[in-house]
Amino acid sequence: MSRLQRLLKLMCSVLFFAEMISGSSNDDREVLAELKSFLQAHNQINRGAYDGWPEEAAASPCYWQGVGCDAGGRVSSLDLSSSSISGPIFGNFSRLAGLTHLDLSANSITGELPADLNRCLGLKHLNLSSNLIGGALDMSSLTNLTTLDVSENRFTSFFFPAAACDKLTVLNVSSNSLGGDITGLLDHCSRLQYVDLSQNGFTGQVPQGVASLIQFNAAENDLTGDIPRHMFPEGCRLEFLDLSSNHFVGDLPSSIANCSGLTYLSLWGNGFRGQIPPGLGAIPGLQKLILGSNGFDREMPPDLMNCTALNYLDISDNGFGGEVQGLFGKLTSLTHLKLHSNSYTDGIVSSGILGLPEMIMLDLSMNLFTGELPAEVASMASIRYLVLAENNFSGQIPPTYGQIVQLQVLDLSYNNLSGGIPAEIGNLSSLLVLMLAGNQLSGEIPREIGNCTSLLWFNLAANKLSGQIPAEMSGIGRNPSPTFAENQKDDVQLEIGANNCPSLMRWIPLGYPGFKYAESDVSRKDCQGLQDHILKGYGIVTPPAVQPCIILGYVRLSGNLLSGQIPPMISAMTNFQLLLLDGNSLSGVLPSEISRMSLVVLNVSRNFISGEVPSEIGQIVLLEILDLSFNNFSNGLPSSLNQLVKLSQFNVSYNPLLSGNVPSNGQLSTFDEQSFLGDPLLSLRFTDYGHLSGSDNAVPSTQGGTEEHPGNEEITVSVIAFIVFFFATISIREHEKLMYVYCTVKCRRRSTEIYGL
């Protein structure tokens with residue numbers, strides 16, 4: 001063959017392959033165009049980067065955002081994560097023959113997995129996490145997968161044959177509704193290194209071969225049995241092991257020492273008992289040890305002092321009594337120590353824990369400590385989170401606590417503390433959370449509290465505080481940004497590896513919008529989320545029934561002896577969404593300036609507030625709960641209240657001087673008579689269903705009047721007489737007892753007399 005012939009043959013081959021590549025590229029472009037149209041059809045408003053993919057036929061998809069190609073120009077990767085995608089999954093991904101990486105995470109994809117996805121035989125990395133996908137999880141044909149992440153979805157069944165895990169190194173199916181026995185899960189998965197099965201309903205025992213993994217997380221399942229010694233043979237490779245919130249029993253085997261590379265161990269919320277293995281001291285790199293909510297022996301192995309990297313120790317709720325163990329004071333690398341929910345009575349100072357040089361977080365709540373609060377706390381150079389709540393501490397709050405300038409959380413609630421709130425607390429400009437509720441504190445709220453510019457979670461409820469609400473209090477929480485920025489940078493970790501975070505649950509106003517948690521069923525994810533929302537400034541998002549709202553903080557002064565008028569300056573507290581002032585002796589008028597706050601909840605019930613209900617309240621468009629009951633408001637309800645379209649709870653009961661007609665349409669008409677009890681001068685009309693009747697419930701009568709619409713039993717309330725007795729100088733409870741309302745209700749079918757309170 002001549003040189004010319006060889007050259008021609010080579011040129012033909014090049015042209016052939018170029019045409020083939022071009023054709024394949026055109027096929028991929030067609031699939032992506034189809035994908036774009038599919039996504040646009042299901043997402044009419046919010047769209048991701050795919051919306052900008054060009055329409056031109058000649059445009060190479062290799063340069064489109066989220067699209068990657070191999071050396072041959074074929075589409076090999078597709079990243080549509082966080083693209084605001086809703087609706088079902090696209091059903092033609094298998095036509096992208098070169099696809100090896102597919103990421104659809106952090107969207108709102110619904111429905112079940114299409115059969116087409118199981119035909120993407122070249123897939124190596126598949127990420128469907130953080131969506132709403134349900135049904136069966138079947139990846140049986142994807143034998144080339146090395147990474148599979150379907151966490152935070154709604155899958156209910158799991159089909160995982162041996163062939164599907166032949167090359168798999170990462171498996172994450174956490175936070176679904178999967179079940180079944182996992183005892184033999186790892187039998188044929190020799191290459192697996194990272195496995196996360198947490199927050200499901202898996203049963204059985206810890207799989208054999210777990211020691212060959214680097215990370216194994218089976219937290220929050222229904223696993224049972226004990227942990228045999230052979231579970232951790234020599235050569236154990238585990239670096240992360242989380243078995244929390246299961247039903248394991250028995251002793252923790254000393255063979256755990258064979259896992260010499262372990263940095264994280266959580267056994268929280270099981271039935272382990274016996275001695276904490278001294279072998280843990282043979283793991284020098286152990287950083288986080290979480291043994292709370294078990295039944296371990298009180299005696300601490302001295303070998304733990306060999307864990308020179310240990311910074312987080314949770315040994316709460318193990319039934320420990322007596323003095324705090326002295327060993328804890330010798331673990332000089334500790335930054336977080338959680339000993340709450342035990343029965344300790346003494347030893348806070350003698351144990352040496354207040355002298356730990358790196359201590360950031362100390363939680364001694366829910367024990368049996370007595371006596372005065374330890375003044376030595378003020379010398380803790382690094383402490384930021386101090387939780388001493390739910391003990392029997394007495395005496396005054398040491399003024400020296402105001403010297404802990406780096407303090408972000410101070411929780412002394414539910415003790416027997418007395419005296420006043422030290423003015424020195426005003427020095428704590430980084431303080432985000434101040435919980436002093438449920439004590440015997442007296443005196444006035446110090447004006448210096450207004451210097452706490454980061455303070456957003458403020459609870460003084462159920463004390464004996466008196467005097468007026470200081471106008472200076474309006475300065476709290478006005479600039480928390482520096483503290484939030486520090487916490488976001490440092491990645492604060494208060495609650496890890498455990499459910500049922502009692503401290504966080506004590507800080508939030510349970511039952512109010514955004515805080516509909518059941519304390520008995522709080523997941524680790526809930527705890528972590530609450531922590532981030534409170535300490536990093538992300539806020540609590542209320543359900544978006546009409547318009548979502550982000551709650552950054554609240555003030556609760558309920559159940560004290562506060563008097564005088566609510567200061568108009570309170571309107572400057574624009575970072576607060578819940579204002580709870582109920583159960584005091586506040587008087588004067590409700591300031592109209594309060595409408596400048598972005599409130600979700602306003603509760604001023606059980607006070608002596610008088611005057612008209614300010615019409616400006618109708619401007620608080622995010623308001624969901626408004627409680628003005630048990631006061632002395634007068635005149636009519638302003639029509640502007642009908643503008644509160646999010647209002648779901650409304651109470652003006654026992655304001656005997658309120659008068660006029662309650663609007664029979666609009667938002668106020670959605671509330672029944674329970675919102676208006678003891679208001680004899682208010683004129684109400686109700687339907688059979690207990691709601692205020694609208695004007696369209698009556699039709700013209702042939703006699704010139706009106707007649708009832710068929711099916712409605714309207715009750716016309718006409719006041720015959722009323723008597724009101726109250727004394728401004730008596731307590732709120734005596735005020736309630738002496739309020740007496742008599743009115744006669746004339747009904748069309750019968751007459752009823754109501755004698756109230």
# chains A, B, ... in the order shown; residues from 1 in each chain; ligands from 1
$ select_by_dssp --residues "region 528-712 of chain A" --states "strand (DSSP E)" --output "MDAnalysis selection string"
chainID A and resid 540:541 550:551 554:556 561:564 578:580 585:586 601:603 610:612 625:627 632:635 649:651 657:658 660:661 682:683 685:686 698:700 706:708
$ residues_around --residues "region 462-469 of chain A" --least-positions-apart "4" --cutoff "6 Å" --atoms "only C-alpha atoms" --output "tab-separated table (two decimals) with N, CA, C and O atoms, in the first residue's frame"
chain	number	residue	atom	x	y	z
A	437	ALA	N	-36.04	31.73	83.92
A	437	ALA	CA	-37.42	31.43	84.28
A	437	ALA	C	-37.49	30.46	85.46
A	437	ALA	O	-36.56	29.68	85.72
A	438	GLY	N	-38.61	30.50	86.18
A	438	GLY	CA	-38.89	29.51	87.21
A	438	GLY	C	-38.02	29.61	88.43
A	438	GLY	O	-37.66	28.59	89.02
A	439	ASN	N	-37.68	30.84	88.86
A	439	ASN	CA	-36.94	31.05	90.09
A	439	ASN	C	-37.77	31.93	91.02
A	439	ASN	O	-38.99	32.04	90.86
A	440	GLN	N	-37.10	32.58	91.98
A	440	GLN	CA	-37.76	33.50	92.91
A	440	GLN	C	-37.13	34.88	92.80
A	440	GLN	O	-37.05	35.61	93.79
A	441	LEU	N	-36.69	35.23	91.60
A	441	LEU	CA	-36.01	36.50	91.40
A	441	LEU	C	-36.97	37.66	91.62
A	441	LEU	O	-38.15	37.59	91.25
A	442	SER	N	-36.46	38.73	92.22
A	442	SER	CA	-37.29	39.87	92.55
A	442	SER	C	-36.59	41.16	92.12
A	442	SER	O	-35.51	41.13	91.54
A	443	GLY	N	-37.24	42.28	92.43
A	443	GLY	CA	-36.68	43.55	92.02
A	443	GLY	C	-37.02	43.87	90.58
A	443	GLY	O	-37.83	43.20	89.94
A	444	GLU	N	-36.40	44.91	90.06
A	444	GLU	CA	-36.68	45.36	88.71
A	444	GLU	C	-35.75	44.71	87.69
A	444	GLU	O	-34.65	44.27	88.03
A	559	GLY	N	-45.99	35.90	83.99
A	559	GLY	CA	-46.08	35.41	85.36
A	559	GLY	C	-45.17	36.11	86.34
A	559	GLY	O	-44.57	35.46	87.20
A	560	ASN	N	-45.05	37.42	86.23
A	560	ASN	CA	-44.30	38.21	87.19
A	560	ASN	C	-45.23	39.24	87.84
A	560	ASN	O	-46.45	39.10	87.79
A	561	LEU	N	-44.65	40.27	88.43
A	561	LEU	CA	-45.42	41.33	89.08
A	561	LEU	C	-45.14	42.68	88.42
A	561	LEU	O	-45.21	43.73	89.08
A	562	LEU	N	-44.83	42.65	87.15
A	562	LEU	CA	-44.48	43.87	86.43
A	562	LEU	C	-45.69	44.79	86.33
A	562	LEU	O	-46.83	44.33	86.16
A	563	SER	N	-45.44	46.10	86.43
A	563	SER	CA	-46.53	47.06	86.43
A	563	SER	C	-46.19	48.21	85.49
A	563	SER	O	-45.15	48.24	84.84
A	564	GLY	N	-47.10	49.18	85.43
A	564	GLY	CA	-46.89	50.32	84.55
A	564	GLY	C	-47.24	50.01	83.12
A	564	GLY	O	-47.71	48.92	82.78
$ select_by_dssp --residues "region 511-630 of chain A" --states "alpha helix (DSSP H)" --output "PyMOL selection string"
chain A and resi 524-535
$ write_last_selection --atoms "N, CA, C and O atoms" --output "PDB file, in the first residue's frame"
ATOM      1  N   ARG A 524     -32.339  13.450  66.451  1.00  0.00           N
ATOM      2  CA  ARG A 524     -31.027  14.080  66.428  1.00  0.00           C
ATOM      3  C   ARG A 524     -30.991  15.196  65.393  1.00  0.00           C
ATOM      4  O   ARG A 524     -30.365  16.236  65.597  1.00  0.00           O
ATOM      5  N   LYS A 525     -31.697  14.993  64.275  1.00  0.00           N
ATOM      6  CA  LYS A 525     -31.768  16.021  63.248  1.00  0.00           C
ATOM      7  C   LYS A 525     -32.464  17.267  63.782  1.00  0.00           C
ATOM      8  O   LYS A 525     -32.048  18.401  63.492  1.00  0.00           O
ATOM      9  N   ASP A 526     -33.540  17.082  64.581  1.00  0.00           N
ATOM     10  CA  ASP A 526     -34.216  18.212  65.197  1.00  0.00           C
ATOM     11  C   ASP A 526     -33.273  18.986  66.111  1.00  0.00           C
ATOM     12  O   ASP A 526     -33.239  20.218  66.092  1.00  0.00           O
ATOM     13  N   CYS A 527     -32.515  18.244  66.928  1.00  0.00           N
ATOM     14  CA  CYS A 527     -31.591  18.885  67.866  1.00  0.00           C
ATOM     15  C   CYS A 527     -30.544  19.703  67.125  1.00  0.00           C
ATOM     16  O   CYS A 527     -30.258  20.849  67.485  1.00  0.00           O
ATOM     17  N   GLN A 528     -29.963  19.096  66.096  1.00  0.00           N
ATOM     18  CA  GLN A 528     -28.948  19.798  65.319  1.00  0.00           C
ATOM     19  C   GLN A 528     -29.545  21.023  64.642  1.00  0.00           C
ATOM     20  O   GLN A 528     -28.931  22.092  64.608  1.00  0.00           O
ATOM     21  N   GLY A 529     -30.754  20.881  64.114  1.00  0.00           N
ATOM     22  CA  GLY A 529     -31.391  21.995  63.443  1.00  0.00           C
ATOM     23  C   GLY A 529     -31.700  23.144  64.393  1.00  0.00           C
ATOM     24  O   GLY A 529     -31.444  24.310  64.085  1.00  0.00           O
ATOM     25  N   LEU A 530     -32.241  22.825  65.579  1.00  0.00           N
ATOM     26  CA  LEU A 530     -32.531  23.855  66.564  1.00  0.00           C
ATOM     27  C   LEU A 530     -31.270  24.585  66.978  1.00  0.00           C
ATOM     28  O   LEU A 530     -31.249  25.820  67.121  1.00  0.00           O
ATOM     29  N   GLN A 531     -30.203  23.826  67.197  1.00  0.00           N
ATOM     30  CA  GLN A 531     -28.931  24.428  67.582  1.00  0.00           C
ATOM     31  C   GLN A 531     -28.469  25.444  66.545  1.00  0.00           C
ATOM     32  O   GLN A 531     -28.092  26.576  66.871  1.00  0.00           O
ATOM     33  N   ASP A 532     -28.497  25.042  65.278  1.00  0.00           N
ATOM     34  CA  ASP A 532     -28.044  25.941  64.214  1.00  0.00           C
ATOM     35  C   ASP A 532     -28.941  27.164  64.101  1.00  0.00           C
ATOM     36  O   ASP A 532     -28.466  28.284  63.903  1.00  0.00           O
ATOM     37  N   HIS A 533     -30.244  26.949  64.217  1.00  0.00           N
ATOM     38  CA  HIS A 533     -31.178  28.064  64.091  1.00  0.00           C
ATOM     39  C   HIS A 533     -30.979  29.095  65.194  1.00  0.00           C
ATOM     40  O   HIS A 533     -31.042  30.304  64.954  1.00  0.00           O
ATOM     41  N   ILE A 534     -30.707  28.615  66.409  1.00  0.00           N
ATOM     42  CA  ILE A 534     -30.581  29.518  67.543  1.00  0.00           C
ATOM     43  C   ILE A 534     -29.214  30.187  67.588  1.00  0.00           C
ATOM     44  O   ILE A 534     -29.103  31.399  67.757  1.00  0.00           O
ATOM     45  N   LEU A 535     -28.158  29.403  67.432  1.00  0.00           N
ATOM     46  CA  LEU A 535     -26.806  29.914  67.670  1.00  0.00           C
ATOM     47  C   LEU A 535     -26.109  30.453  66.428  1.00  0.00           C
ATOM     48  O   LEU A 535     -25.130  31.185  66.547  1.00  0.00           O
TER      49      LEU A 535
END
$ residues_around --residues "Arg119 (chain A)" --least-positions-apart "6" --cutoff "10 Å" --atoms "only C-alpha atoms" --output "PyMOL selection string"
chain A and resi 92-95+97+139-142
$ residues_around --residues "region 213-228 of chain A" --least-positions-apart "4" --cutoff "6 Å" --atoms "only C-alpha atoms" --output "ChimeraX atom specification"
/A:193-205,237-250
$ atom_distance --atom1 "CA of Pro591 (chain A)" --atom2 "CA of Pro568 (chain A)"
5.5 Å
$ closest_residue --among "A:Ile85, A:Leu102, A:Val604, A:Ile133" --to "Val589 (chain A)" --atoms "only C-alpha atoms"
A:Val604
$ residues_around --residues "region 357-369 of chain A" --least-positions-apart "3" --cutoff "7 Å" --atoms "only C-alpha atoms" --output "count of residues only"
28
$ atom_distance --atom1 "CA of Trp507 (chain A)" --atom2 "CA of Ile625 (chain A)"
19.8 Å
$ atom_distance --atom1 "CA of Gly419 (chain A)" --atom2 "CA of Leu354 (chain A)"
24.5 Å
$ residues_around --residues "Ser105 (chain A)" --least-positions-apart "5" --cutoff "9 Å" --atoms "only C-alpha atoms" --output "PyMOL selection string"
chain A and resi 79-83+127-131+149-150
$ closest_residue --among "A:Gly271, A:Pro663, A:Gly91, A:Gly235" --to "Glu34 (chain A)" --atoms "only C-alpha atoms"
A:Gly91
$ closest_atom_pairs --of "region 419-536 of chain A" --to "region 395-415 of chain A" --cutoff "9 Å" --atoms "only C-alpha atoms" --output "Markdown table"
| residue | atom | partner | partner_atom | distance |
| --- | --- | --- | --- | --- |
| A:Gly419 | CA | A:Gln396 | CA | 5.4 |
| A:Gly420 | CA | A:Gln396 | CA | 7.2 |
| A:Ile421 | CA | A:Ile397 | CA | 6.9 |
| A:Pro422 | CA | A:Pro399 | CA | 5.4 |
| A:Ala423 | CA | A:Pro399 | CA | 7.6 |
| A:Glu424 | CA | A:Gly402 | CA | 4.6 |
| A:Ile425 | CA | A:Gly402 | CA | 4.5 |
| A:Gly426 | CA | A:Gly402 | CA | 7.1 |
| A:Asn427 | CA | A:Gly402 | CA | 5.8 |
| A:Leu428 | CA | A:Val405 | CA | 5.1 |
| A:Ser429 | CA | A:Val405 | CA | 7.1 |
| A:Ser430 | CA | A:Gln408 | CA | 5.4 |
| A:Leu431 | CA | A:Gln408 | CA | 3.9 |
| A:Leu432 | CA | A:Gln408 | CA | 5.1 |
| A:Val433 | CA | A:Val409 | CA | 4.7 |
| A:Leu434 | CA | A:Leu410 | CA | 5.1 |
| A:Met435 | CA | A:Asp411 | CA | 4.6 |
| A:Leu436 | CA | A:Ser413 | CA | 4.3 |
| A:Ala437 | CA | A:Ser413 | CA | 4.7 |
| A:Gly438 | CA | A:Tyr414 | CA | 4.3 |
| A:Asn439 | CA | A:Asn415 | CA | 5.4 |
| A:Gln440 | CA | A:Asn415 | CA | 8.3 |
| A:Leu441 | CA | A:Gln396 | CA | 8.3 |
| A:Ser454 | CA | A:Gln408 | CA | 8.5 |
| A:Leu455 | CA | A:Gln408 | CA | 8.5 |
| A:Asn459 | CA | A:Ser413 | CA | 8.7 |
| A:Leu460 | CA | A:Ser413 | CA | 8.5 |
| A:Thr483 | CA | A:Gln408 | CA | 8.2 |
| A:Ser503 | CA | A:Asp411 | CA | 8.4 |
| A:Arg506 | CA | A:Ser413 | CA | 8.8 |
| A:Trp507 | CA | A:Asp411 | CA | 8.3 |
| A:Leu535 | CA | A:Gln408 | CA | 8.5 |
